[in-house]
Amino acid sequence: MTITITSIRLRSVWYFFKLSLHGLKITLQLRKTPGFIKIKNTGFGYLHYTITAWESKEVMQRAMREGAHGEAMKKSAALASEIGSYTYESDVFPTWKVAKEMIQKGKLIKYGEQ
């Protein structure tokens with residue numbers, strides 16, 4: 001299965017409410033997506049994480065560009081100061097400890113001041 005770990009560092013803790021609304025819409029979208037397996041999220045204050053599991057990388061990439069997730073990505077620079085992601089193949093869904101270590105291997109996008 002394809003696993004994607006994402007970290008989002010918010011510009012302000014007050015953006016948590018906007019992030020949560022996007023998260024709800026995205027979760028509803030993903031649960032209806034063929035090939036989606038599982039999602040978990042956690043976070044507090046400025047830093048938030050998600051882990052998603054997919055049947056294939058192609059299914060994951062298509063879902064990320066469409067619907068609520070695609071719309072949220074267009075607004076990410078306004079909410080976040082940085083977003084990290086790491087995608088890999090595994091038969092095991094990671095623990096939070098493992099996920100937070102693995103995301104260090106991933107891509108990090110830093111947004112300038114708004």
# chains A, B, ... in the order shown; residues from 1 in each chain; ligands from 1
>>> residues_around(residues="range 61-74 of chain A", least_positions_apart="5", cutoff="9 Å", atoms="only C-alpha atoms", output="list of chain:residue names")
A:Leu19, A:His22, A:Gly23, A:Lys25, A:Ile26, A:Thr27, A:Leu28, A:Gln29, A:Leu30, A:Thr33, A:Phe36, A:Ser56
>>> residues_around(residues="Ala80 in chain A", least_positions_apart="2", cutoff="7 Å", atoms="only C-alpha atoms", output="PyMOL selection string")
chain A and resi 8-11+76-78+82-83
>>> select_by_dssp(residues="chain A", states="strand (DSSP E)", output="VMD selection string")
chain A and resid 2 to 10 36 to 44 47 to 54 80 to 89 107 to 110
>>> residues_around(residues="Lys57 in chain A", least_positions_apart="2", cutoff="6 Å", atoms="only C-alpha atoms", output="list of chain:residue names")
A:Thr2, A:Val59, A:Met60
>>> write_last_selection(atoms="C-alpha atoms", output="PDB file, in the first residue's frame")
ATOM      1  CA  THR A   2       1.041   3.610  -0.502  1.00  0.00           C
ATOM      2  CA  VAL A  59      -5.184   6.578  -6.681  1.00  0.00           C
ATOM      3  CA  MET A  60      -3.565   8.779  -4.027  1.00  0.00           C
TER       4      MET A  60
END
>>> atom_distance(atom1="CA of Lys107 in chain A", atom2="CA of Tyr86 in chain A")
6.4 Å
>>> residues_around(residues="Lys105 in chain A", least_positions_apart="3", cutoff="12 Å", atoms="only C-alpha atoms", output="PyMOL selection string")
chain A and resi 4-6+84-88+98-102+108
>>> write_last_selection(atoms="C-alpha atoms", output="short mmCIF file (atom, residue, chain, number, x, y, z; two decimals), in the first residue's frame")
data_model
loop_
_atom_site.label_atom_id
_atom_site.label_comp_id
_atom_site.auth_asym_id
_atom_site.auth_seq_id
_atom_site.Cartn_x
_atom_site.Cartn_y
_atom_site.Cartn_z
CA THR A 4 1.60 9.43 2.78
CA ILE A 5 2.62 11.39 5.88
CA THR A 6 1.92 15.12 5.93
CA GLY A 84 5.99 18.62 4.68
CA SER A 85 5.14 15.34 2.97
CA TYR A 86 6.65 11.92 2.53
CA THR A 87 5.18 9.05 0.48
CA TYR A 88 6.43 5.48 0.50
CA VAL A 98 7.59 6.23 13.18
CA ALA A 99 5.63 8.68 11.01
CA LYS A 100 7.18 11.74 12.69
CA GLU A 101 10.66 10.28 12.15
CA MET A 102 9.98 9.30 8.53
CA LEU A 108 9.32 20.50 2.79
#
>>> residues_around(residues="range 37-46 of chain A", least_positions_apart="5", cutoff="7 Å", atoms="only C-alpha atoms", output="PyMOL selection string")
chain A and resi 9-10+12-13+51-55
>>> write_last_selection(atoms="C-alpha atoms", output="PDB file, in the first residue's frame")
ATOM      1  CA  ARG A   9       2.757  24.179  10.465  1.00  0.00           C
ATOM      2  CA  LEU A  10       0.070  26.836  10.803  1.00  0.00           C
ATOM      3  CA  SER A  12      -1.349  31.144  13.587  1.00  0.00           C
ATOM      4  CA  VAL A  13      -3.013  28.857  16.126  1.00  0.00           C
ATOM      5  CA  ILE A  51      -1.210   9.724   7.684  1.00  0.00           C
ATOM      6  CA  THR A  52      -3.154   8.236   4.791  1.00  0.00           C
ATOM      7  CA  ALA A  53      -3.020   4.787   3.218  1.00  0.00           C
ATOM      8  CA  TRP A  54      -3.966   3.961  -0.374  1.00  0.00           C
ATOM      9  CA  GLU A  55      -4.151   0.924  -2.638  1.00  0.00           C
TER      10      GLU A  55
END
>>> decode(residues="range 49-105 of chain A", atoms="C-alpha atoms", output="tab-separated table (two decimals), in the first residue's frame")
chain	number	residue	atom	x	y	z
A	49	TYR	CA	0.02	15.68	11.02
A	50	THR	CA	-1.93	13.26	8.84
A	51	ILE	CA	-1.21	9.72	7.68
A	52	THR	CA	-3.15	8.24	4.79
A	53	ALA	CA	-3.02	4.79	3.22
A	54	TRP	CA	-3.97	3.96	-0.37
A	55	GLU	CA	-4.15	0.92	-2.64
A	56	SER	CA	-1.79	2.65	-5.11
A	57	LYS	CA	0.19	5.82	-5.71
A	58	GLU	CA	-1.97	6.65	-8.74
A	59	VAL	CA	-5.18	6.58	-6.68
A	60	MET	CA	-3.56	8.78	-4.03
A	61	GLN	CA	-2.28	11.34	-6.53
A	62	ARG	CA	-5.66	11.63	-8.25
A	63	ALA	CA	-7.51	12.12	-4.94
A	64	MET	CA	-5.04	14.77	-3.78
A	65	ARG	CA	-5.70	16.96	-6.84
A	66	GLU	CA	-9.51	16.67	-6.81
A	67	GLY	CA	-12.42	17.84	-4.69
A	68	ALA	CA	-11.99	19.18	-1.16
A	69	HIS	CA	-8.30	18.28	-1.02
A	70	GLY	CA	-7.55	20.07	-4.28
A	71	GLU	CA	-9.39	23.17	-3.01
A	72	ALA	CA	-7.54	23.07	0.32
A	73	MET	CA	-4.19	22.84	-1.48
A	74	LYS	CA	-4.97	26.10	-3.30
A	75	LYS	CA	-5.41	27.83	0.10
A	76	SER	CA	-2.50	26.19	1.90
A	77	ALA	CA	-0.09	29.12	1.61
A	78	ALA	CA	-2.58	31.37	3.41
A	79	LEU	CA	-2.94	28.95	6.36
A	80	ALA	CA	0.48	27.37	6.66
A	81	SER	CA	4.04	28.61	6.99
A	82	GLU	CA	5.30	25.18	5.88
A	83	ILE	CA	4.00	21.83	4.71
A	84	GLY	CA	5.99	18.62	4.68
A	85	SER	CA	5.14	15.34	2.97
A	86	TYR	CA	6.65	11.92	2.53
A	87	THR	CA	5.18	9.05	0.48
A	88	TYR	CA	6.43	5.48	0.50
A	89	GLU	CA	5.30	1.87	-0.01
A	90	SER	CA	4.69	-0.45	2.95
A	91	ASP	CA	2.52	-3.30	4.17
A	92	VAL	CA	2.33	-1.67	7.61
A	93	PHE	CA	0.47	1.49	8.66
A	94	PRO	CA	3.02	3.46	10.77
A	95	THR	CA	2.74	4.55	14.38
A	96	TRP	CA	2.90	8.28	15.10
A	97	LYS	CA	6.45	7.89	16.41
A	98	VAL	CA	7.59	6.23	13.18
A	99	ALA	CA	5.63	8.68	11.01
A	100	LYS	CA	7.18	11.74	12.69
A	101	GLU	CA	10.66	10.28	12.15
A	102	MET	CA	9.98	9.30	8.53
A	103	ILE	CA	8.60	12.67	7.46
A	104	GLN	CA	12.10	14.07	8.00
A	105	LYS	CA	13.05	12.24	4.76
